[in-house]
$ cat my_file-v4.cif   # mmCIF, C-alpha atoms
data_entry
#
loop_
_atom_site.group_PDB
_atom_site.id
_atom_site.type_symbol
_atom_site.label_atom_id
_atom_site.label_comp_id
_atom_site.auth_asym_id
_atom_site.auth_seq_id
_atom_site.Cartn_x
_atom_site.Cartn_y
_atom_site.Cartn_z
ATOM 1 C CA MET A 1 0.000 0.000 0.000
ATOM 2 C CA THR A 2 1.433 3.373 -1.000
ATOM 3 C CA ALA A 3 1.082 6.371 1.267
ATOM 4 C CA PRO A 4 -1.147 9.193 -0.013
ATOM 5 C CA HIS A 5 0.634 12.188 -1.497
ATOM 6 C CA PHE A 6 0.466 15.238 0.698
ATOM 7 C CA HIS A 7 1.715 18.729 -0.013
ATOM 8 C CA THR A 8 3.740 20.196 2.810
ATOM 9 C CA ARG A 9 4.384 23.691 4.078
ATOM 10 C CA LEU A 10 7.824 23.585 2.464
ATOM 11 C CA SER A 11 6.515 22.389 -0.911
ATOM 12 C CA LEU A 12 3.869 25.128 -0.947
ATOM 13 C CA ILE A 13 6.507 27.731 -0.081
ATOM 14 C CA LYS A 14 8.535 26.596 -3.091
ATOM 15 C CA ASP A 15 5.447 26.756 -5.339
ATOM 16 C CA LEU A 16 4.570 30.270 -4.158
ATOM 17 C CA GLU A 17 8.110 31.550 -4.621
ATOM 18 C CA LYS A 18 8.349 29.992 -8.077
ATOM 19 C CA LEU A 19 5.141 31.806 -9.044
ATOM 20 C CA GLY A 20 6.661 35.110 -7.924
ATOM 21 C CA LEU A 21 5.450 35.837 -4.395
ATOM 22 C CA ARG A 22 8.127 37.652 -2.407
ATOM 23 C CA ALA A 23 9.005 38.879 1.084
ATOM 24 C CA GLY A 24 7.159 42.085 1.937
ATOM 25 C CA ASP A 25 4.334 41.502 -0.549
ATOM 26 C CA MET A 26 0.752 42.439 0.195
ATOM 27 C CA VAL A 27 -1.265 39.728 -1.522
ATOM 28 C CA MET A 28 -5.001 39.241 -1.878
ATOM 29 C CA VAL A 29 -5.663 35.512 -2.038
ATOM 30 C CA HIS A 30 -8.546 33.656 -3.674
ATOM 31 C CA ALA A 31 -8.173 29.924 -3.110
ATOM 32 C CA ALA A 32 -10.110 26.832 -4.144
ATOM 33 C CA MET A 33 -8.668 24.675 -1.384
ATOM 34 C CA SER A 34 -9.969 21.385 -2.794
ATOM 35 C CA ARG A 35 -7.998 21.946 -6.007
ATOM 36 C CA LEU A 36 -4.662 22.347 -4.207
ATOM 37 C CA GLY A 37 -4.622 18.643 -3.336
ATOM 38 C CA ARG A 38 -4.126 17.039 0.050
ATOM 39 C CA LEU A 39 -2.436 19.384 2.498
ATOM 40 C CA LEU A 40 -0.956 18.387 5.819
ATOM 41 C CA ASN A 41 -2.904 20.486 8.366
ATOM 42 C CA GLY A 42 -5.239 21.802 5.659
ATOM 43 C CA PRO A 43 -5.933 25.493 4.981
ATOM 44 C CA ASP A 44 -4.016 26.653 8.052
ATOM 45 C CA MET A 45 -0.845 25.239 6.557
ATOM 46 C CA PHE A 46 -1.497 27.132 3.323
ATOM 47 C CA ILE A 47 -1.804 30.349 5.347
ATOM 48 C CA ASP A 48 1.398 29.419 7.183
ATOM 49 C CA ALA A 49 3.191 28.949 3.859
ATOM 50 C CA LEU A 50 1.913 32.287 2.567
ATOM 51 C CA GLY A 51 3.127 33.925 5.774
ATOM 52 C CA ASP A 52 6.536 32.297 5.475
ATOM 53 C CA VAL A 53 6.960 33.716 1.971
ATOM 54 C CA VAL A 54 5.747 37.286 2.563
ATOM 55 C CA GLY A 55 7.410 37.413 5.993
ATOM 56 C CA LEU A 56 6.835 39.770 8.892
ATOM 57 C CA SER A 57 6.699 42.794 6.575
ATOM 58 C CA GLY A 58 4.067 41.222 4.311
ATOM 59 C CA THR A 59 0.268 41.158 4.460
ATOM 60 C CA ILE A 60 -2.240 38.465 3.446
ATOM 61 C CA VAL A 61 -5.760 39.523 2.461
ATOM 62 C CA ALA A 62 -9.002 37.695 1.643
ATOM 63 C CA TYR A 63 -12.393 38.952 0.504
ATOM 64 C CA THR A 64 -14.911 37.923 3.163
ATOM 65 C CA ASP A 65 -18.213 39.630 2.352
ATOM 66 C CA TRP A 66 -20.537 38.363 5.150
ATOM 67 C CA ASN A 67 -23.043 35.614 5.691
ATOM 68 C CA GLY A 68 -26.039 37.913 6.269
ATOM 69 C CA ALA A 69 -28.246 35.761 4.018
ATOM 70 C CA TYR A 70 -31.284 38.034 3.971
ATOM 71 C CA ASP A 71 -31.158 39.386 0.398
ATOM 72 C CA GLU A 72 -34.410 37.646 -0.556
ATOM 73 C CA LEU A 73 -36.260 39.673 2.072
ATOM 74 C CA LEU A 74 -35.348 43.047 0.541
ATOM 75 C CA ASP A 75 -38.181 44.942 -1.127
ATOM 76 C CA GLU A 76 -37.853 46.872 -4.386
ATOM 77 C CA ASP A 77 -36.362 49.819 -2.480
ATOM 78 C CA GLY A 78 -33.747 47.632 -0.796
ATOM 79 C CA ARG A 79 -35.434 47.745 2.602
ATOM 80 C CA VAL A 80 -36.199 44.922 5.031
ATOM 81 C CA PRO A 81 -39.891 44.564 5.991
ATOM 82 C CA PRO A 82 -40.491 45.633 9.615
ATOM 83 C CA GLU A 83 -41.666 42.185 10.708
ATOM 84 C CA TRP A 84 -38.277 40.698 9.804
ATOM 85 C CA ARG A 85 -35.907 43.318 11.167
ATOM 86 C CA ASP A 86 -35.564 41.914 14.689
ATOM 87 C CA HIS A 87 -34.738 38.461 13.338
ATOM 88 C CA ILE A 88 -31.668 39.442 11.287
ATOM 89 C CA ALA A 89 -28.299 39.236 13.028
ATOM 90 C CA PRO A 90 -26.407 42.532 12.655
ATOM 91 C CA PHE A 91 -23.018 42.777 11.026
ATOM 92 C CA ASP A 92 -20.122 42.698 13.469
ATOM 93 C CA PRO A 93 -16.665 42.726 11.842
ATOM 94 C CA ALA A 94 -15.230 40.732 14.734
ATOM 95 C CA THR A 95 -17.721 37.859 14.688
ATOM 96 C CA SER A 96 -19.831 37.788 11.512
ATOM 97 C CA ARG A 97 -18.953 34.799 9.344
ATOM 98 C CA ALA A 98 -17.462 35.201 5.887
ATOM 99 C CA ILE A 99 -19.897 34.392 3.101
ATOM 100 C CA ARG A 100 -19.862 30.700 2.247
ATOM 101 C CA ASP A 101 -19.981 31.263 -1.533
ATOM 102 C CA ASN A 102 -16.229 31.957 -1.707
ATOM 103 C CA GLY A 103 -15.050 28.711 -0.144
ATOM 104 C CA ILE A 104 -13.431 28.105 3.224
ATOM 105 C CA PHE A 105 -10.235 30.128 2.856
ATOM 106 C CA PRO A 106 -11.654 33.568 3.835
ATOM 107 C CA GLU A 107 -13.152 32.243 7.063
ATOM 108 C CA PHE A 108 -9.907 30.489 7.979
ATOM 109 C CA LEU A 109 -8.028 33.767 7.458
ATOM 110 C CA ARG A 110 -10.675 35.839 9.273
ATOM 111 C CA THR A 111 -10.434 33.661 12.387
ATOM 112 C CA ARG A 112 -6.634 33.593 12.409
ATOM 113 C CA PRO A 113 -5.158 35.102 15.610
ATOM 114 C CA GLY A 114 -4.482 38.785 15.027
ATOM 115 C CA ALA A 115 -6.652 39.058 11.920
ATOM 116 C CA ARG A 116 -8.390 42.355 11.156
ATOM 117 C CA ARG A 117 -11.707 42.802 9.319
ATOM 118 C CA SER A 118 -12.967 45.902 7.521
ATOM 119 C CA GLY A 119 -16.308 47.468 8.383
ATOM 120 C CA ASN A 120 -18.332 47.430 5.142
ATOM 121 C CA PRO A 121 -20.477 44.256 5.339
ATOM 122 C CA GLY A 122 -20.693 43.190 1.699
ATOM 123 C CA ALA A 123 -17.303 44.553 0.640
ATOM 124 C CA SER A 124 -15.405 43.492 3.763
ATOM 125 C CA VAL A 125 -11.970 41.903 3.703
ATOM 126 C CA ALA A 126 -9.912 40.170 6.357
ATOM 127 C CA ALA A 127 -6.164 40.616 6.635
ATOM 128 C CA ILE A 128 -3.204 39.472 8.696
ATOM 129 C CA GLY A 129 0.293 40.863 8.754
ATOM 130 C CA ALA A 130 2.202 44.111 8.841
ATOM 131 C CA ARG A 131 -0.357 46.393 7.172
ATOM 132 C CA ALA A 132 -3.580 44.636 8.154
ATOM 133 C CA ASP A 133 -4.704 47.530 10.376
ATOM 134 C CA TRP A 134 -4.090 50.136 7.659
ATOM 135 C CA LEU A 135 -5.725 48.054 4.948
ATOM 136 C CA THR A 136 -8.938 47.370 6.870
ATOM 137 C CA ALA A 137 -9.369 50.747 8.599
ATOM 138 C CA ASP A 138 -11.980 53.330 7.577
ATOM 139 C CA HIS A 139 -13.707 51.231 4.905
ATOM 140 C CA PRO A 140 -16.358 53.497 3.313
ATOM 141 C CA LEU A 141 -19.903 52.180 3.712
ATOM 142 C CA ASP A 142 -21.075 53.679 0.421
ATOM 143 C CA TYR A 143 -19.198 52.608 -2.714
ATOM 144 C CA GLY A 144 -17.111 50.176 -0.679
ATOM 145 C CA TYR A 145 -15.194 48.952 -3.736
ATOM 146 C CA GLY A 146 -14.068 52.455 -4.705
ATOM 147 C CA GLU A 147 -11.815 55.173 -3.335
ATOM 148 C CA GLY A 148 -10.543 54.561 0.188
ATOM 149 C CA SER A 149 -11.527 50.892 0.089
ATOM 150 C CA PRO A 150 -9.194 47.984 0.859
ATOM 151 C CA LEU A 151 -9.113 47.289 -2.881
ATOM 152 C CA ALA A 152 -7.933 50.829 -3.589
ATOM 153 C CA LYS A 153 -5.319 50.452 -0.834
ATOM 154 C CA LEU A 154 -4.132 47.145 -2.313
ATOM 155 C CA VAL A 155 -3.447 48.967 -5.587
ATOM 156 C CA GLU A 156 -1.855 51.925 -3.790
ATOM 157 C CA ALA A 157 0.451 49.621 -1.818
ATOM 158 C CA GLY A 158 1.760 47.851 -4.914
ATOM 159 C CA GLY A 159 0.007 44.657 -3.901
ATOM 160 C CA LYS A 160 -0.618 41.443 -5.796
ATOM 161 C CA VAL A 161 -3.552 39.091 -6.371
ATOM 162 C CA LEU A 162 -3.138 35.321 -6.157
ATOM 163 C CA MET A 163 -5.729 33.017 -7.700
ATOM 164 C CA ALA A 164 -4.787 29.637 -6.203
ATOM 165 C CA GLY A 165 -6.999 27.339 -8.230
ATOM 166 C CA ALA A 166 -9.860 29.834 -7.954
ATOM 167 C CA PRO A 167 -11.939 30.628 -11.058
ATOM 168 C CA LEU A 168 -10.524 33.677 -12.806
ATOM 169 C CA ASP A 169 -13.923 35.367 -12.887
ATOM 170 C CA THR A 170 -13.904 35.568 -9.066
ATOM 171 C CA MET A 171 -11.114 38.182 -8.902
ATOM 172 C CA THR A 172 -12.749 40.676 -6.539
ATOM 173 C CA LEU A 173 -10.263 43.451 -7.343
ATOM 174 C CA LEU A 174 -11.982 43.962 -10.688
ATOM 175 C CA HIS A 175 -14.981 45.444 -8.862
ATOM 176 C CA HIS A 176 -12.620 48.331 -8.120
ATOM 177 C CA ALA A 177 -11.982 48.639 -11.858
ATOM 178 C CA GLU A 178 -15.753 48.715 -12.420
ATOM 179 C CA HIS A 179 -15.954 51.602 -9.969
ATOM 180 C CA LEU A 180 -13.139 53.536 -11.660
ATOM 181 C CA ALA A 181 -14.123 52.952 -15.293
ATOM 182 C CA ASP A 182 -15.664 55.903 -17.119
ATOM 183 C CA ILE A 183 -18.569 54.028 -18.676
ATOM 184 C CA PRO A 184 -22.291 54.821 -18.960
ATOM 185 C CA ASN A 185 -25.285 53.059 -17.437
ATOM 186 C CA LYS A 186 -23.637 51.460 -14.409
ATOM 187 C CA ARG A 187 -26.110 49.501 -12.328
ATOM 188 C CA LEU A 188 -26.668 50.872 -8.823
ATOM 189 C CA ARG A 189 -27.627 48.843 -5.788
ATOM 190 C CA ARG A 190 -29.124 50.241 -2.584
ATOM 191 C CA TYR A 191 -29.845 47.981 0.350
ATOM 192 C CA GLU A 192 -30.385 48.177 4.075
ATOM 193 C CA ALA A 193 -27.885 46.593 6.456
ATOM 194 C CA PRO A 194 -27.922 46.190 10.248
ATOM 195 C CA PHE A 195 -24.798 47.034 12.255
ATOM 196 C CA ALA A 196 -23.914 45.935 15.772
ATOM 197 C CA THR A 197 -22.941 48.990 17.847
ATOM 198 C CA SER A 198 -22.464 49.714 21.534
ATOM 199 C CA ALA A 199 -25.846 51.460 21.435
ATOM 200 C CA GLY A 200 -27.614 48.464 19.873
ATOM 201 C CA VAL A 201 -28.487 47.560 16.294
ATOM 202 C CA VAL A 202 -28.330 50.424 13.801
ATOM 203 C CA TRP A 203 -29.801 50.056 10.301
ATOM 204 C CA ARG A 204 -28.291 51.985 7.414
ATOM 205 C CA MET A 205 -28.859 52.177 3.666
ATOM 206 C CA ILE A 206 -25.787 51.331 1.620
ATOM 207 C CA GLU A 207 -25.277 52.456 -1.970
ATOM 208 C CA GLU A 208 -22.778 50.960 -4.407
ATOM 209 C CA PHE A 209 -22.350 49.862 -7.991
ATOM 210 C CA ASP A 210 -23.945 46.442 -8.417
ATOM 211 C CA THR A 211 -21.441 43.635 -7.831
ATOM 212 C CA GLY A 212 -23.925 40.779 -8.104
ATOM 213 C CA ASP A 213 -24.376 41.232 -11.866
ATOM 214 C CA PRO A 214 -22.175 42.798 -14.564
ATOM 215 C CA VAL A 215 -21.944 46.483 -13.749
ATOM 216 C CA VAL A 216 -23.547 47.404 -17.088
ATOM 217 C CA PRO A 217 -25.988 45.443 -19.282
ATOM 218 C CA ASP A 218 -24.755 43.309 -22.179
ATOM 219 C CA LEU A 219 -21.518 42.171 -20.538
ATOM 220 C CA ALA A 220 -21.186 38.400 -20.064
ATOM 221 C CA SER A 221 -21.757 37.169 -16.522
ATOM 222 C CA ASP A 222 -18.183 35.842 -16.380
ATOM 223 C CA TYR A 223 -16.504 38.789 -18.089
ATOM 224 C CA PHE A 224 -13.981 39.136 -15.254
ATOM 225 C CA GLY A 225 -12.490 35.860 -16.480
ATOM 226 C CA GLU A 226 -12.267 37.261 -20.011
ATOM 227 C CA ILE A 227 -10.342 40.269 -18.713
ATOM 228 C CA VAL A 228 -7.902 38.156 -16.691
ATOM 229 C CA ARG A 229 -7.280 35.806 -19.630
ATOM 230 C CA ALA A 230 -6.620 38.778 -21.925
ATOM 231 C CA PHE A 231 -4.216 40.241 -19.347
ATOM 232 C CA LEU A 232 -2.302 36.962 -19.138
ATOM 233 C CA ALA A 233 -2.289 36.613 -22.930
ATOM 234 C CA SER A 234 -0.577 39.996 -23.147
ATOM 235 C CA GLY A 235 2.392 38.469 -21.344
ATOM 236 C CA ALA A 236 1.640 40.002 -17.952
ATOM 237 C CA GLY A 237 1.292 38.067 -14.723
ATOM 238 C CA ALA A 238 2.581 34.609 -13.864
ATOM 239 C CA GLN A 239 1.014 31.161 -14.125
ATOM 240 C CA GLY A 240 1.989 27.924 -12.406
ATOM 241 C CA LEU A 241 0.927 25.275 -9.935
ATOM 242 C CA ILE A 242 0.276 25.758 -6.236
ATOM 243 C CA GLY A 243 0.084 22.203 -5.035
ATOM 244 C CA GLU A 244 -1.989 20.675 -7.821
ATOM 245 C CA ALA A 245 -3.979 23.823 -8.603
ATOM 246 C CA PRO A 246 -3.359 25.876 -11.762
ATOM 247 C CA SER A 247 -2.751 29.312 -10.288
ATOM 248 C CA VAL A 248 -2.190 32.914 -11.325
ATOM 249 C CA LEU A 249 -0.289 35.773 -9.673
ATOM 250 C CA VAL A 250 -0.787 39.320 -10.958
ATOM 251 C CA ASP A 251 0.195 42.844 -9.989
ATOM 252 C CA ALA A 252 -2.885 44.571 -8.591
ATOM 253 C CA ALA A 253 -2.268 48.009 -10.116
ATOM 254 C CA SER A 254 -1.443 46.574 -13.534
ATOM 255 C CA ILE A 255 -4.501 44.373 -13.855
ATOM 256 C CA CYS A 256 -6.761 47.085 -12.448
ATOM 257 C CA SER A 257 -5.541 49.575 -15.071
ATOM 258 C CA PHE A 258 -5.893 46.908 -17.762
ATOM 259 C CA ALA A 259 -9.469 46.182 -16.660
ATOM 260 C CA VAL A 260 -10.441 49.871 -16.639
ATOM 261 C CA ALA A 261 -9.127 50.266 -20.191
ATOM 262 C CA TRP A 262 -10.856 47.032 -21.270
ATOM 263 C CA LEU A 263 -14.180 48.227 -19.881
ATOM 264 C CA GLU A 264 -13.921 51.683 -21.419
ATOM 265 C CA LEU A 265 -13.092 50.178 -24.809
ATOM 266 C CA HIS A 266 -15.682 47.389 -24.865
ATOM 267 C CA VAL A 267 -18.592 49.165 -23.216
ATOM 268 C CA ARG A 268 -18.271 52.277 -25.371
ATOM 269 C CA HIS A 269 -17.957 50.070 -28.467
ATOM 270 C CA GLU A 270 -21.048 48.022 -27.550
ATOM 271 C CA SER A 271 -23.226 50.901 -26.382
#

$ encode --input "my_file-v4.cif" --output "structure tokens"
Amino acid sequence: MTAPHFHTRLSLIKDLEKLGLRAGDMVMVHAAMSRLGRLLNGPDMFIDALGDVVGLSGTIVAYTDWNGAYDELLDEDGRVPPEWRDHIAPFDPATSRAIRDNGIFPEFLRTRPGARRSGNPGASVAAIGARADWLTADHPLDYGYGEGSPLAKLVEAGGKVLMAGAPLDTMTLLHHAEHLADIPNKRLRRYEAPFATSAGVVWRMIEEFDTGDPVVPDLASDYFGEIVRAFLASGAGAQGLIGEAPSVLVDAASICSFAVAWLELHVRHES
């Protein structure tokens, strides 16, 4: 009987370094953990390996959103009917679970000792490392993917995005490009969210560009993937295996600028 093949902390470190991750990097990670193969100690070991590579001066980030799960109750104005309000758990950055749609990695990072979480429910990120406090502080509640957001700070800091086996159309940073792009007819979303405060639950309307559907009509639902593939085809970014998962590492500022230009070209052409 042969022993099962496991990936180790050391083998993942080698994979990450070969892909181009370096000491001091700020990296936003999207990971399909099941695609990486069998890991000794599971997702925690992957986080350990990431931490070993970026070191004490680096920062690891994940998009958490939150597991509010009340969208179907919202009326056409984005409000929650009065009879339901007392039954919805308010958003608390310290305790609210990451949304389950993005796999298990964000929740593992969020619950890591010392992790920080930003304060916009749907746009929230978790981070550990040297600049976690700066990255997650003062997250705007309106237009939480735009100026002053953790995504904007990732670009400002010269950060990177790692897609470790994750579908390319799940690159959250491109919502920042949607915000920045000078294109007509962007979809708006307004919805009510409850916040846990020392004075009790406070409800607030939040306004942002729609991130649940393409930001303008007529774009394919998976157009983020099309942008990332075009970026890679241009010779930018790096591709390789993390464990057994085909993975991509890109510079955040470069792909954001590429996506803004792509949107402004294609949307104006199609309008």

$ residues_around --input "my_file-v4.cif" --residues "region 231-244 of chain A" --least-positions-apart "6" --cutoff "10 Å" --atoms "all atoms listed in the file" --output "ChimeraX atom specification"
/A:6-8,11-21,31,33-39,46,160-165,225,250-252,254-255,258-259,262

$ atom_distance --input "my_file-v4.cif" --atom1 "CA of Asn67 (chain A)" --atom2 "CA of Ala196 (chain A)"
14.5 Å

$ resolve_selection --input "my_file-v4.cif" --expression "the PyMOL selection byres ((chain A and resi 137-153) around 9)" --output "ChimeraX atom specification"
/A:116-125,132-136,154-159,172-180,205-209,252

$ resolve_selection --input "my_file-v4.cif" --expression "the PyMOL selection byres ((chain A and resi 210) around 9)" --output "PyMOL selection string"
chain A and resi 186-190+207-209+211-216

$ axis_aligned_box --input "my_file-v4.cif" --around "region 52-64 of chain A" --padding-each-side "4 Å" --output "lines of an AutoDock Vina configuration file"
center_x = -3.8
center_y = 37.5
center_z = 4.7
size_x = 30.3
size_y = 18.5
size_z = 16.4

$ resolve_selection --input "my_file-v4.cif" --expression "the PyMOL selection byres ((chain A and resi 80) around 10)" --output "PyMOL selection string"
chain A and resi 70-79+81-85+88+191-194+203

$ closest_residue --input "my_file-v4.cif" --among "A:Gly24, A:Gly114, A:Gly68, A:Pro167" --to "Leu50 (chain A)" --atoms "all atoms listed in the file"
A:Gly24

$ atom_distance --input "my_file-v4.cif" --atom1 "CA of Thr59 (chain A)" --atom2 "CA of Val27 (chain A)"
6.3 Å

$ atom_distance --input "my_file-v4.cif" --atom1 "CA of Asp44 (chain A)" --atom2 "CA of Arg112 (chain A)"
8.6 Å

$ build_atoms --input "my_file-v4.cif" --residues "region 150-162 of chain A" --atoms "N, CA, C and O atoms" --output "CSV table (one decimal), keeping the file's coordinate frame"
chain,number,residue,atom,x,y,z
A,150,PRO,N,-10.4,48.9,0.8
A,150,PRO,CA,-9.2,48.0,0.9
A,150,PRO,C,-8.7,47.6,-0.5
A,150,PRO,O,-7.5,47.5,-0.7
A,151,LEU,N,-9.6,47.6,-1.5
A,151,LEU,CA,-9.1,47.3,-2.9
A,151,LEU,C,-8.3,48.4,-3.4
A,151,LEU,O,-7.2,48.2,-4.1
A,152,ALA,N,-8.7,49.7,-3.2
A,152,ALA,CA,-7.9,50.8,-3.6
A,152,ALA,C,-6.6,50.8,-2.9
A,152,ALA,O,-5.5,51.2,-3.5
A,153,LYS,N,-6.6,50.5,-1.6
A,153,LYS,CA,-5.3,50.5,-0.8
A,153,LYS,C,-4.4,49.4,-1.3
A,153,LYS,O,-3.2,49.5,-1.3
A,154,LEU,N,-5.0,48.2,-1.8
A,154,LEU,CA,-4.1,47.1,-2.3
A,154,LEU,C,-3.4,47.6,-3.5
A,154,LEU,O,-2.2,47.4,-3.7
A,155,VAL,N,-4.1,48.4,-4.4
A,155,VAL,CA,-3.4,49.0,-5.6
A,155,VAL,C,-2.4,50.0,-5.2
A,155,VAL,O,-1.3,50.0,-5.7
A,156,GLU,N,-2.8,50.9,-4.3
A,156,GLU,CA,-1.9,51.9,-3.8
A,156,GLU,C,-0.6,51.3,-3.2
A,156,GLU,O,0.5,51.9,-3.4
A,157,ALA,N,-0.7,50.2,-2.5
A,157,ALA,CA,0.5,49.6,-1.8
A,157,ALA,C,1.3,48.8,-2.7
A,157,ALA,O,2.3,48.2,-2.3
A,158,GLY,N,1.0,48.7,-4.0
A,158,GLY,CA,1.8,47.9,-4.9
A,158,GLY,C,1.5,46.4,-4.7
A,158,GLY,O,2.5,45.6,-4.8
A,159,GLY,N,0.3,46.0,-4.3
A,159,GLY,CA,0.0,44.7,-3.9
A,159,GLY,C,-0.2,43.7,-5.1
A,159,GLY,O,-0.1,44.2,-6.3
A,160,LYS,N,-0.4,42.5,-4.8
A,160,LYS,CA,-0.6,41.4,-5.8
A,160,LYS,C,-1.9,40.7,-5.5
A,160,LYS,O,-2.5,40.8,-4.4
A,161,VAL,N,-2.4,40.0,-6.5
A,161,VAL,CA,-3.6,39.1,-6.4
A,161,VAL,C,-3.1,37.7,-6.8
A,161,VAL,O,-2.6,37.5,-7.9
A,162,LEU,N,-3.4,36.7,-5.9
A,162,LEU,CA,-3.1,35.3,-6.2
A,162,LEU,C,-4.4,34.6,-6.3
A,162,LEU,O,-5.3,34.6,-5.4
